[in-house]
$ cat query29.cif   # mmCIF, N, CA and C atoms
data_start
#
loop_
_atom_site.label_atom_id
_atom_site.label_comp_id
_atom_site.auth_asym_id
_atom_site.auth_seq_id
_atom_site.Cartn_x
_atom_site.Cartn_y
_atom_site.Cartn_z
N MET M 1 67.73 -32.08 -17.87
CA MET M 1 66.38 -31.70 -17.51
C MET M 1 66.10 -30.23 -17.79
N GLY M 2 67.05 -29.51 -18.31
CA GLY M 2 66.87 -28.10 -18.63
C GLY M 2 65.76 -27.88 -19.63
N LEU M 3 65.64 -28.77 -20.62
CA LEU M 3 64.61 -28.64 -21.64
C LEU M 3 63.22 -28.83 -21.04
N LEU M 4 63.08 -29.82 -20.16
CA LEU M 4 61.78 -30.06 -19.53
C LEU M 4 61.38 -28.90 -18.62
N GLU M 5 62.35 -28.31 -17.94
CA GLU M 5 62.06 -27.15 -17.09
C GLU M 5 61.61 -25.97 -17.94
N ASP M 6 62.26 -25.78 -19.09
CA ASP M 6 61.86 -24.69 -20.00
C ASP M 6 60.44 -24.90 -20.52
N VAL M 7 60.12 -26.12 -20.87
CA VAL M 7 58.77 -26.46 -21.34
C VAL M 7 57.75 -26.18 -20.24
N ALA M 8 58.07 -26.58 -19.02
CA ALA M 8 57.15 -26.37 -17.90
C ALA M 8 56.95 -24.88 -17.64
N VAL M 9 58.04 -24.10 -17.70
CA VAL M 9 57.93 -22.66 -17.48
C VAL M 9 57.10 -22.01 -18.59
N ASN M 10 57.34 -22.40 -19.84
CA ASN M 10 56.57 -21.85 -20.96
C ASN M 10 55.09 -22.23 -20.88
N ALA M 11 54.83 -23.46 -20.47
CA ALA M 11 53.44 -23.91 -20.33
C ALA M 11 52.74 -23.12 -19.22
N LYS M 12 53.44 -22.93 -18.13
CA LYS M 12 52.87 -22.18 -17.01
C LYS M 12 52.59 -20.73 -17.42
N SER M 13 53.50 -20.15 -18.17
CA SER M 13 53.33 -18.79 -18.65
C SER M 13 52.12 -18.69 -19.59
N ALA M 14 51.98 -19.67 -20.48
CA ALA M 14 50.85 -19.69 -21.41
C ALA M 14 49.53 -19.81 -20.66
N VAL M 15 49.50 -20.66 -19.65
CA VAL M 15 48.27 -20.85 -18.86
C VAL M 15 47.91 -19.55 -18.14
N THR M 16 48.91 -18.85 -17.64
CA THR M 16 48.67 -17.58 -16.95
C THR M 16 48.07 -16.55 -17.90
N VAL M 17 48.62 -16.45 -19.10
CA VAL M 17 48.12 -15.51 -20.10
C VAL M 17 46.69 -15.86 -20.49
N VAL M 18 46.44 -17.13 -20.73
CA VAL M 18 45.09 -17.57 -21.10
C VAL M 18 44.11 -17.29 -19.96
N GLY M 19 44.55 -17.53 -18.74
CA GLY M 19 43.69 -17.27 -17.58
C GLY M 19 43.34 -15.80 -17.45
N LYS M 20 44.32 -14.91 -17.66
CA LYS M 20 44.05 -13.47 -17.59
C LYS M 20 43.10 -13.04 -18.70
N THR M 21 43.30 -13.58 -19.91
CA THR M 21 42.44 -13.23 -21.03
C THR M 21 41.01 -13.72 -20.78
N ALA M 22 40.88 -14.92 -20.27
CA ALA M 22 39.55 -15.45 -19.96
C ALA M 22 38.89 -14.61 -18.87
N GLY M 23 39.67 -14.19 -17.88
CA GLY M 23 39.13 -13.35 -16.81
C GLY M 23 38.62 -12.02 -17.35
N LYS M 24 39.38 -11.44 -18.29
CA LYS M 24 38.94 -10.18 -18.91
C LYS M 24 37.64 -10.37 -19.68
N LEU M 25 37.55 -11.49 -20.41
CA LEU M 25 36.33 -11.76 -21.18
C LEU M 25 35.12 -11.92 -20.26
N VAL M 26 35.32 -12.59 -19.13
CA VAL M 26 34.24 -12.77 -18.16
C VAL M 26 33.83 -11.41 -17.59
N ASP M 27 34.83 -10.58 -17.24
CA ASP M 27 34.53 -9.25 -16.70
C ASP M 27 33.76 -8.41 -17.72
N ILE M 28 34.20 -8.43 -18.97
CA ILE M 28 33.52 -7.66 -20.02
C ILE M 28 32.10 -8.17 -20.21
N SER M 29 31.92 -9.49 -20.19
CA SER M 29 30.57 -10.06 -20.35
C SER M 29 29.65 -9.61 -19.22
N LYS M 30 30.16 -9.63 -18.00
CA LYS M 30 29.35 -9.20 -16.86
C LYS M 30 28.98 -7.72 -16.99
N LEU M 31 29.95 -6.91 -17.40
CA LEU M 31 29.67 -5.48 -17.56
C LEU M 31 28.68 -5.23 -18.69
N ARG M 32 28.77 -5.99 -19.76
CA ARG M 32 27.82 -5.83 -20.88
C ARG M 32 26.40 -6.23 -20.45
N ILE M 33 26.30 -7.25 -19.62
CA ILE M 33 24.98 -7.63 -19.09
C ILE M 33 24.44 -6.50 -18.22
N SER M 34 25.29 -5.93 -17.41
CA SER M 34 24.89 -4.80 -16.57
C SER M 34 24.45 -3.62 -17.42
N ALA M 35 25.18 -3.34 -18.50
CA ALA M 35 24.82 -2.24 -19.40
C ALA M 35 23.47 -2.52 -20.07
N ALA M 36 23.23 -3.75 -20.46
CA ALA M 36 21.95 -4.11 -21.07
C ALA M 36 20.80 -3.93 -20.08
N GLN M 37 21.03 -4.30 -18.83
CA GLN M 37 20.00 -4.13 -17.80
C GLN M 37 19.72 -2.64 -17.57
N LEU M 38 20.77 -1.83 -17.55
CA LEU M 38 20.59 -0.39 -17.38
C LEU M 38 19.83 0.21 -18.56
N ASN M 39 20.17 -0.22 -19.77
CA ASN M 39 19.45 0.27 -20.96
C ASN M 39 17.98 -0.11 -20.91
N SER M 40 17.70 -1.32 -20.45
CA SER M 40 16.32 -1.77 -20.31
C SER M 40 15.56 -0.91 -19.29
N GLU M 41 16.21 -0.65 -18.17
CA GLU M 41 15.59 0.18 -17.13
C GLU M 41 15.36 1.60 -17.63
N ILE M 42 16.30 2.13 -18.40
CA ILE M 42 16.14 3.47 -18.98
C ILE M 42 14.94 3.50 -19.90
N SER M 43 14.79 2.48 -20.73
CA SER M 43 13.64 2.40 -21.64
C SER M 43 12.32 2.35 -20.86
N LYS M 44 12.29 1.58 -19.79
CA LYS M 44 11.09 1.49 -18.96
C LYS M 44 10.75 2.85 -18.35
N ARG M 45 11.79 3.55 -17.89
CA ARG M 45 11.57 4.87 -17.28
C ARG M 45 11.05 5.87 -18.30
N TYR M 46 11.58 5.81 -19.53
CA TYR M 46 11.08 6.70 -20.59
C TYR M 46 9.60 6.40 -20.89
N GLU M 47 9.27 5.13 -20.95
CA GLU M 47 7.88 4.75 -21.19
C GLU M 47 6.99 5.24 -20.06
N SER M 48 7.44 5.08 -18.84
CA SER M 48 6.69 5.55 -17.68
C SER M 48 6.52 7.07 -17.72
N LEU M 49 7.57 7.76 -18.09
CA LEU M 49 7.52 9.22 -18.20
C LEU M 49 6.49 9.65 -19.24
N GLY M 50 6.51 8.99 -20.37
CA GLY M 50 5.54 9.31 -21.43
C GLY M 50 4.11 9.06 -20.98
N ARG M 51 3.89 7.94 -20.31
CA ARG M 51 2.55 7.62 -19.80
C ARG M 51 2.09 8.66 -18.78
N MET M 52 3.03 9.05 -17.92
CA MET M 52 2.72 10.03 -16.88
C MET M 52 2.31 11.37 -17.50
N VAL M 53 3.07 11.82 -18.48
CA VAL M 53 2.76 13.09 -19.14
C VAL M 53 1.43 12.98 -19.88
N TYR M 54 1.20 11.88 -20.55
CA TYR M 54 -0.05 11.67 -21.27
C TYR M 54 -1.24 11.71 -20.31
N ASP M 55 -1.14 10.95 -19.22
CA ASP M 55 -2.23 10.91 -18.24
C ASP M 55 -2.48 12.28 -17.63
N ALA M 56 -1.41 13.01 -17.32
CA ALA M 56 -1.56 14.34 -16.74
C ALA M 56 -2.24 15.28 -17.72
N GLN M 57 -1.87 15.21 -18.98
CA GLN M 57 -2.48 16.06 -20.00
C GLN M 57 -3.95 15.71 -20.20
N LYS M 58 -4.22 14.44 -20.19
CA LYS M 58 -5.60 13.94 -20.42
C LYS M 58 -6.52 14.36 -19.27
N THR M 59 -6.02 14.30 -18.04
CA THR M 59 -6.85 14.61 -16.87
C THR M 59 -6.75 16.07 -16.45
N GLY M 60 -5.84 16.81 -17.06
CA GLY M 60 -5.69 18.22 -16.72
C GLY M 60 -4.91 18.46 -15.45
N ASN M 61 -4.20 17.45 -14.95
CA ASN M 61 -3.40 17.59 -13.73
C ASN M 61 -1.99 18.11 -14.05
N ASP M 62 -1.36 18.69 -13.05
CA ASP M 62 0.01 19.15 -13.19
C ASP M 62 0.94 18.05 -12.68
N ALA M 63 1.78 17.53 -13.57
CA ALA M 63 2.68 16.44 -13.21
C ALA M 63 4.13 16.89 -13.18
N ALA M 64 4.36 18.20 -13.03
CA ALA M 64 5.72 18.75 -13.11
C ALA M 64 6.66 18.10 -12.09
N ASP M 65 6.18 17.91 -10.86
CA ASP M 65 7.05 17.31 -9.83
C ASP M 65 7.37 15.86 -10.16
N LEU M 66 6.37 15.11 -10.64
CA LEU M 66 6.60 13.72 -11.01
C LEU M 66 7.55 13.61 -12.20
N VAL M 67 7.38 14.51 -13.16
CA VAL M 67 8.25 14.53 -14.34
C VAL M 67 9.69 14.82 -13.91
N LYS M 68 9.85 15.80 -13.04
CA LYS M 68 11.19 16.17 -12.56
C LYS M 68 11.85 14.98 -11.86
N GLU M 69 11.10 14.28 -11.05
CA GLU M 69 11.62 13.11 -10.34
C GLU M 69 12.02 12.01 -11.31
N CYS M 70 11.19 11.78 -12.31
CA CYS M 70 11.46 10.73 -13.30
C CYS M 70 12.69 11.09 -14.15
N VAL M 71 12.82 12.35 -14.53
CA VAL M 71 13.98 12.80 -15.30
C VAL M 71 15.25 12.62 -14.48
N GLY M 72 15.20 12.93 -13.20
CA GLY M 72 16.35 12.73 -12.32
C GLY M 72 16.76 11.27 -12.24
N ALA M 73 15.77 10.38 -12.16
CA ALA M 73 16.06 8.94 -12.10
C ALA M 73 16.70 8.46 -13.41
N ILE M 74 16.21 8.97 -14.54
CA ILE M 74 16.80 8.61 -15.83
C ILE M 74 18.24 9.11 -15.93
N ASP M 75 18.47 10.34 -15.47
CA ASP M 75 19.84 10.88 -15.48
C ASP M 75 20.78 10.03 -14.63
N ASP M 76 20.31 9.58 -13.47
CA ASP M 76 21.13 8.71 -12.61
C ASP M 76 21.47 7.41 -13.32
N LEU M 77 20.49 6.84 -14.03
CA LEU M 77 20.74 5.60 -14.77
C LEU M 77 21.76 5.82 -15.88
N TYR M 78 21.67 6.98 -16.55
CA TYR M 78 22.66 7.28 -17.60
C TYR M 78 24.06 7.42 -17.02
N GLU M 79 24.19 7.99 -15.83
CA GLU M 79 25.49 8.11 -15.19
C GLU M 79 26.05 6.71 -14.87
N GLN M 80 25.19 5.83 -14.39
CA GLN M 80 25.62 4.46 -14.12
C GLN M 80 26.06 3.76 -15.40
N LEU M 81 25.30 3.97 -16.48
CA LEU M 81 25.63 3.37 -17.77
C LEU M 81 26.97 3.90 -18.28
N ASP M 82 27.21 5.19 -18.14
CA ASP M 82 28.49 5.77 -18.55
C ASP M 82 29.64 5.13 -17.77
N ALA M 83 29.44 4.93 -16.48
CA ALA M 83 30.49 4.31 -15.65
C ALA M 83 30.78 2.88 -16.11
N VAL M 84 29.74 2.13 -16.42
CA VAL M 84 29.92 0.75 -16.89
C VAL M 84 30.65 0.75 -18.23
N ASN M 85 30.26 1.65 -19.13
CA ASN M 85 30.93 1.72 -20.44
C ASN M 85 32.39 2.13 -20.30
N GLU M 86 32.69 2.98 -19.34
CA GLU M 86 34.09 3.35 -19.09
C GLU M 86 34.88 2.16 -18.58
N GLN M 87 34.26 1.34 -17.73
CA GLN M 87 34.94 0.15 -17.23
C GLN M 87 35.22 -0.83 -18.36
N ILE M 88 34.27 -1.00 -19.25
CA ILE M 88 34.46 -1.89 -20.41
C ILE M 88 35.62 -1.38 -21.26
N SER M 89 35.63 -0.09 -21.53
CA SER M 89 36.70 0.50 -22.34
C SER M 89 38.06 0.34 -21.67
N ALA M 90 38.09 0.50 -20.36
CA ALA M 90 39.35 0.36 -19.63
C ALA M 90 39.88 -1.07 -19.73
N ILE M 91 39.02 -2.04 -19.59
CA ILE M 91 39.44 -3.44 -19.70
C ILE M 91 39.93 -3.74 -21.11
N ARG M 92 39.29 -3.13 -22.11
CA ARG M 92 39.67 -3.37 -23.50
C ARG M 92 40.83 -2.49 -23.96
N ASN M 93 41.38 -1.69 -23.03
CA ASN M 93 42.47 -0.76 -23.36
C ASN M 93 42.06 0.21 -24.46
N ARG M 94 40.90 0.81 -24.29
CA ARG M 94 40.37 1.77 -25.25
C ARG M 94 40.14 3.10 -24.55
N THR M 95 40.09 4.17 -25.32
CA THR M 95 39.81 5.51 -24.82
C THR M 95 38.53 6.00 -25.48
N ILE M 96 37.68 6.66 -24.72
CA ILE M 96 36.43 7.18 -25.26
C ILE M 96 36.59 8.67 -25.51
N CYS M 97 36.23 9.11 -26.71
CA CYS M 97 36.30 10.53 -27.07
C CYS M 97 35.23 11.28 -26.28
N LYS M 98 35.64 12.36 -25.61
CA LYS M 98 34.69 13.15 -24.84
C LYS M 98 33.75 13.95 -25.74
N ASN M 99 34.15 14.17 -26.97
CA ASN M 99 33.35 14.96 -27.89
C ASN M 99 32.20 14.16 -28.51
N CYS M 100 32.50 12.94 -29.01
CA CYS M 100 31.47 12.19 -29.74
C CYS M 100 31.15 10.82 -29.13
N GLY M 101 31.96 10.36 -28.15
CA GLY M 101 31.69 9.07 -27.50
C GLY M 101 32.28 7.88 -28.22
N GLU M 102 33.03 8.09 -29.30
CA GLU M 102 33.64 7.00 -30.06
C GLU M 102 34.76 6.35 -29.27
N GLU M 103 34.86 5.01 -29.36
CA GLU M 103 35.96 4.29 -28.74
C GLU M 103 37.15 4.32 -29.67
N ASN M 104 38.32 4.63 -29.13
CA ASN M 104 39.55 4.70 -29.91
C ASN M 104 40.62 3.89 -29.19
N PRO M 105 41.66 3.45 -29.94
CA PRO M 105 42.77 2.78 -29.26
C PRO M 105 43.38 3.73 -28.23
N GLN M 106 43.89 3.17 -27.16
CA GLN M 106 44.42 3.99 -26.08
C GLN M 106 45.62 4.82 -26.55
N THR M 107 46.28 4.39 -27.61
CA THR M 107 47.45 5.10 -28.12
C THR M 107 47.07 6.21 -29.10
N ALA M 108 45.80 6.33 -29.45
CA ALA M 108 45.36 7.33 -30.43
C ALA M 108 45.52 8.74 -29.86
N ILE M 109 45.88 9.65 -30.73
CA ILE M 109 46.01 11.05 -30.34
C ILE M 109 44.75 11.82 -30.73
N TYR M 110 44.16 11.43 -31.87
CA TYR M 110 42.94 12.07 -32.35
C TYR M 110 41.84 11.03 -32.51
N CYS M 111 40.60 11.47 -32.35
CA CYS M 111 39.44 10.58 -32.49
C CYS M 111 39.30 10.15 -33.94
N SER M 112 39.05 8.87 -34.15
CA SER M 112 38.89 8.34 -35.51
C SER M 112 37.55 8.73 -36.13
N LYS M 113 36.61 9.20 -35.33
CA LYS M 113 35.29 9.58 -35.85
C LYS M 113 35.18 11.07 -36.09
N CYS M 114 35.50 11.88 -35.07
CA CYS M 114 35.28 13.33 -35.19
C CYS M 114 36.57 14.12 -35.39
N GLY M 115 37.72 13.50 -35.15
CA GLY M 115 38.99 14.16 -35.35
C GLY M 115 39.47 15.05 -34.21
N LYS M 116 38.68 15.14 -33.16
CA LYS M 116 39.07 15.98 -32.02
C LYS M 116 40.23 15.33 -31.28
N LYS M 117 41.13 16.16 -30.76
CA LYS M 117 42.27 15.65 -30.02
C LYS M 117 41.77 14.99 -28.73
N LEU M 118 42.26 13.78 -28.49
CA LEU M 118 41.88 13.04 -27.29
C LEU M 118 42.67 13.55 -26.11
N GLU M 119 42.06 13.50 -24.93
CA GLU M 119 42.71 13.97 -23.71
C GLU M 119 43.92 13.11 -23.41
N GLU M 120 45.03 13.76 -23.07
CA GLU M 120 46.24 13.03 -22.72
C GLU M 120 46.23 12.73 -21.24
N PHE M 121 46.91 11.65 -20.87
CA PHE M 121 47.02 11.27 -19.47
C PHE M 121 48.10 12.10 -18.81
N PRO M 122 47.88 12.56 -17.58
CA PRO M 122 48.96 13.16 -16.83
C PRO M 122 50.06 12.10 -16.63
N GLU M 123 51.33 12.52 -16.63
CA GLU M 123 52.42 11.55 -16.57
C GLU M 123 52.35 10.61 -15.38
N GLU M 124 51.96 11.12 -14.20
CA GLU M 124 51.93 10.25 -13.04
C GLU M 124 50.77 9.27 -13.08
N GLU M 125 49.79 9.49 -13.94
CA GLU M 125 48.64 8.59 -14.01
C GLU M 125 48.61 7.77 -15.28
N THR M 126 49.68 7.78 -16.07
CA THR M 126 49.70 7.04 -17.31
C THR M 126 49.50 5.56 -17.01
N PRO M 127 48.45 4.95 -17.61
CA PRO M 127 48.20 3.54 -17.33
C PRO M 127 49.20 2.65 -18.04
N SER M 128 49.51 1.54 -17.43
CA SER M 128 50.40 0.58 -18.07
C SER M 128 49.56 -0.38 -18.89
N ALA M 129 50.19 -1.09 -19.78
CA ALA M 129 49.48 -2.05 -20.61
C ALA M 129 48.91 -3.17 -19.76
N GLU M 130 49.57 -3.46 -18.63
CA GLU M 130 49.11 -4.56 -17.78
C GLU M 130 47.84 -4.23 -17.02
N ASP M 131 47.75 -2.97 -16.48
CA ASP M 131 46.58 -2.69 -15.65
C ASP M 131 45.37 -2.28 -16.49
N GLY M 132 45.58 -1.96 -17.78
CA GLY M 132 44.45 -1.64 -18.66
C GLY M 132 43.71 -0.42 -18.20
N GLY M 133 44.34 0.47 -17.46
CA GLY M 133 43.68 1.65 -16.91
C GLY M 133 43.23 2.61 -17.98
N ASP M 134 42.16 3.31 -17.69
CA ASP M 134 41.62 4.31 -18.60
C ASP M 134 41.10 5.42 -17.74
N HIS M 135 41.62 6.63 -17.93
CA HIS M 135 41.24 7.73 -17.07
C HIS M 135 40.41 8.77 -17.80
N THR M 136 39.69 8.38 -18.86
CA THR M 136 38.85 9.31 -19.58
C THR M 136 37.40 9.11 -19.20
N GLU M 137 36.61 10.12 -19.44
CA GLU M 137 35.18 10.03 -19.14
C GLU M 137 34.42 10.02 -20.45
N GLN M 138 33.26 9.38 -20.43
CA GLN M 138 32.42 9.36 -21.61
C GLN M 138 31.43 10.50 -21.53
N LYS M 139 31.20 11.13 -22.65
CA LYS M 139 30.23 12.23 -22.70
C LYS M 139 28.85 11.70 -22.86
#
$ encode --input "query29.cif" --output "structure tokens"
Amino acid sequence: MGLLEDVAVNAKSAVTVVGKTAGKLVDISKLRISAAQLNSEISKRYESLGRMVYDAQKTGNDAADLVKECVGAIDDLYEQLDAVNEQISAIRNRTICKNCGEENPQTAIYCSKCGKKLEEFPEEETPSAEDGGDHTEQK
């Protein structure tokens, strides 16, 4: 029965790997949907900002406070979008260049787009291949 046990162990191992891969794909899909929603909201805010500035100019009103508030809201949305993109990169085992925003393999030393040296991980925080960790920030 040694052969049957080996087959069962190999099958179980394969199912585990497939399950983890499917889980990663689901997580990435959810994050991409979230990123798309954030991009849509950013576009709406830009349109609102433009309308606000146009209306203020047309009527001769000062909209500086409203503009400042709208710009702050857009900046907050961009921060959320950056966080989502970092999570996607971490799941995909990719590193984002702080200089140009290009995604690179986690093992890359230099950015494939701009050539700038990518930030190295401190030794105690080096991510393992299993956890897919990414400790870089997107610019």
$ closest_residue --input "query29.cif" --among "M:Ile28, M:Thr95, M:Ala36, M:Cys70" --to "Ala108 of chain M" --atoms "all atoms listed in the file"
M:Thr95
$ atom_distance --input "query29.cif" --atom1 "atom C of Gly23 of chain M" --atom2 "atom CA of Asn39 of chain M"
23.1 Å
$ closest_residue --input "query29.cif" --among "M:Val67, M:Ala90, M:Val18, M:Ala83" --to "Ser48 of chain M" --atoms "only C-alpha atoms"
M:Val67
$ select_by_dssp --input "query29.cif" --residues "segment 55-114 of chain M" --states "strand (DSSP E or B)" --output "list in words"
Arg94, Thr95, Ile96, Glu103, Asn104, Pro105 and Tyr110 of chain M
$ atom_distance --input "query29.cif" --atom1 "atom N of Leu38 of chain M" --atom2 "atom CA of Asn85 of chain M"
11.1 Å
$ select_by_dssp --input "query29.cif" --residues "segment 47-118 of chain M" --states "helix (DSSP H, G or I)" --output "count of residues only"
41
$ residues_around --input "query29.cif" --residues "Gln87 of chain M" --least-positions-apart "3" --cutoff "8 Å" --atoms "only N, CA and C atoms" --output "VMD selection string"
chain M and resid 27 to 28 31 81 to 84 90 to 93 134
$ atom_distance --input "query29.cif" --atom1 "atom CA of Ser40 of chain M" --atom2 "atom CA of Asn104 of chain M"
26.0 Å
$ closest_residue --input "query29.cif" --among "M:Thr21, M:Gln37, M:Thr59, M:Asn99" --to "Leu118 of chain M" --atoms "only N, CA and C atoms"
M:Asn99
$ axis_aligned_box --input "query29.cif" --around "segment 34-52 of chain M" --padding-each-side "8 Å" --output "JSON"
{"center_x": 13.7, "center_y": 2.7, "center_z": -19.1, "size_x": 39.2, "size_y": 33.3, "size_z": 21.1}
$ residues_around --input "query29.cif" --residues "Glu41 of chain M" --least-positions-apart "6" --cutoff "8 Å" --atoms "all atoms listed in the file" --output "PDB file with N, CA and C atoms, keeping the file's coordinate frame"
ATOM      1  N   ALA M  35      25.180  -3.340 -18.500  1.00  0.00           N
ATOM      2  CA  ALA M  35      24.820  -2.240 -19.400  1.00  0.00           C
ATOM      3  C   ALA M  35      23.470  -2.520 -20.070  1.00  0.00           C
ATOM      4  N   GLU M  47       9.270   5.130 -20.950  1.00  0.00           N
ATOM      5  CA  GLU M  47       7.880   4.750 -21.190  1.00  0.00           C
ATOM      6  C   GLU M  47       6.990   5.240 -20.060  1.00  0.00           C
ATOM      7  N   ILE M  74      16.210   8.970 -14.540  1.00  0.00           N
ATOM      8  CA  ILE M  74      16.800   8.610 -15.830  1.00  0.00           C
ATOM      9  C   ILE M  74      18.240   9.110 -15.930  1.00  0.00           C
ATOM     10  N   LEU M  77      20.490   6.840 -14.030  1.00  0.00           N
ATOM     11  CA  LEU M  77      20.740   5.600 -14.770  1.00  0.00           C
ATOM     12  C   LEU M  77      21.760   5.820 -15.880  1.00  0.00           C
TER      13      LEU M  77
END
$ resolve_selection --input "query29.cif" --expression "the PyMOL selection byres (((chain M and resi 53 and name CA) around 12) and name CA)" --output "PyMOL selection string"
chain M and resi 46-52+54-68+70-71
$ decode --input "query29.cif" --residues "segment 104-117 of chain M" --atoms "N, CA, C and O atoms" --output "PDB file, in the first residue's frame"
ATOM      1  N   ASN M 104       8.587  45.316 -10.744  1.00  0.00           N
ATOM      2  CA  ASN M 104       9.759  44.507 -11.063  1.00  0.00           C
ATOM      3  C   ASN M 104       9.689  43.210 -10.269  1.00  0.00           C
ATOM      4  O   ASN M 104       9.048  43.162  -9.227  1.00  0.00           O
ATOM      5  N   PRO M 105      10.398  42.164 -10.743  1.00  0.00           N
ATOM      6  CA  PRO M 105      10.459  40.947  -9.934  1.00  0.00           C
ATOM      7  C   PRO M 105      11.070  41.268  -8.573  1.00  0.00           C
ATOM      8  O   PRO M 105      11.920  42.155  -8.459  1.00  0.00           O
ATOM      9  N   GLN M 106      10.648  40.554  -7.557  1.00  0.00           N
ATOM     10  CA  GLN M 106      11.107  40.834  -6.209  1.00  0.00           C
ATOM     11  C   GLN M 106      12.611  40.626  -6.078  1.00  0.00           C
ATOM     12  O   GLN M 106      13.252  41.224  -5.215  1.00  0.00           O
ATOM     13  N   THR M 107      13.192  39.823  -6.947  1.00  0.00           N
ATOM     14  CA  THR M 107      14.625  39.545  -6.891  1.00  0.00           C
ATOM     15  C   THR M 107      15.456  40.585  -7.643  1.00  0.00           C
ATOM     16  O   THR M 107      16.678  40.537  -7.594  1.00  0.00           O
ATOM     17  N   ALA M 108      14.807  41.514  -8.338  1.00  0.00           N
ATOM     18  CA  ALA M 108      15.524  42.514  -9.134  1.00  0.00           C
ATOM     19  C   ALA M 108      16.298  43.469  -8.230  1.00  0.00           C
ATOM     20  O   ALA M 108      15.840  43.839  -7.150  1.00  0.00           O
ATOM     21  N   ILE M 109      17.456  43.873  -8.704  1.00  0.00           N
ATOM     22  CA  ILE M 109      18.279  44.832  -7.973  1.00  0.00           C
ATOM     23  C   ILE M 109      18.063  46.231  -8.535  1.00  0.00           C
ATOM     24  O   ILE M 109      18.043  47.213  -7.798  1.00  0.00           O
ATOM     25  N   TYR M 110      17.863  46.298  -9.861  1.00  0.00           N
ATOM     26  CA  TYR M 110      17.644  47.578 -10.530  1.00  0.00           C
ATOM     27  C   TYR M 110      16.307  47.547 -11.259  1.00  0.00           C
ATOM     28  O   TYR M 110      15.867  46.500 -11.736  1.00  0.00           O
ATOM     29  N   CYS M 111      15.685  48.711 -11.386  1.00  0.00           N
ATOM     30  CA  CYS M 111      14.401  48.828 -12.082  1.00  0.00           C
ATOM     31  C   CYS M 111      14.594  48.558 -13.572  1.00  0.00           C
ATOM     32  O   CYS M 111      15.521  49.086 -14.190  1.00  0.00           O
ATOM     33  N   SER M 112      13.698  47.771 -14.146  1.00  0.00           N
ATOM     34  CA  SER M 112      13.782  47.439 -15.565  1.00  0.00           C
ATOM     35  C   SER M 112      13.368  48.606 -16.460  1.00  0.00           C
ATOM     36  O   SER M 112      13.655  48.602 -17.644  1.00  0.00           O
ATOM     37  N   LYS M 113      12.720  49.620 -15.902  1.00  0.00           N
ATOM     38  CA  LYS M 113      12.278  50.763 -16.699  1.00  0.00           C
ATOM     39  C   LYS M 113      13.241  51.937 -16.600  1.00  0.00           C
ATOM     40  O   LYS M 113      13.683  52.464 -17.608  1.00  0.00           O
ATOM     41  N   CYS M 114      13.570  52.359 -15.373  1.00  0.00           N
ATOM     42  CA  CYS M 114      14.385  53.569 -15.207  1.00  0.00           C
ATOM     43  C   CYS M 114      15.826  53.276 -14.804  1.00  0.00           C
ATOM     44  O   CYS M 114      16.675  54.164 -14.858  1.00  0.00           O
ATOM     45  N   GLY M 115      16.114  52.055 -14.373  1.00  0.00           N
ATOM     46  CA  GLY M 115      17.466  51.675 -14.015  1.00  0.00           C
ATOM     47  C   GLY M 115      17.901  52.049 -12.605  1.00  0.00           C
ATOM     48  O   GLY M 115      19.012  51.750 -12.194  1.00  0.00           O
ATOM     49  N   LYS M 116      17.025  52.690 -11.858  1.00  0.00           N
ATOM     50  CA  LYS M 116      17.381  53.084 -10.489  1.00  0.00           C
ATOM     51  C   LYS M 116      17.463  51.843  -9.602  1.00  0.00           C
ATOM     52  O   LYS M 116      16.697  50.900  -9.759  1.00  0.00           O
ATOM     53  N   LYS M 117      18.392  51.876  -8.650  1.00  0.00           N
ATOM     54  CA  LYS M 117      18.547  50.754  -7.737  1.00  0.00           C
ATOM     55  C   LYS M 117      17.298  50.647  -6.861  1.00  0.00           C
ATOM     56  O   LYS M 117      16.826  51.628  -6.303  1.00  0.00           O
TER      57      LYS M 117
END
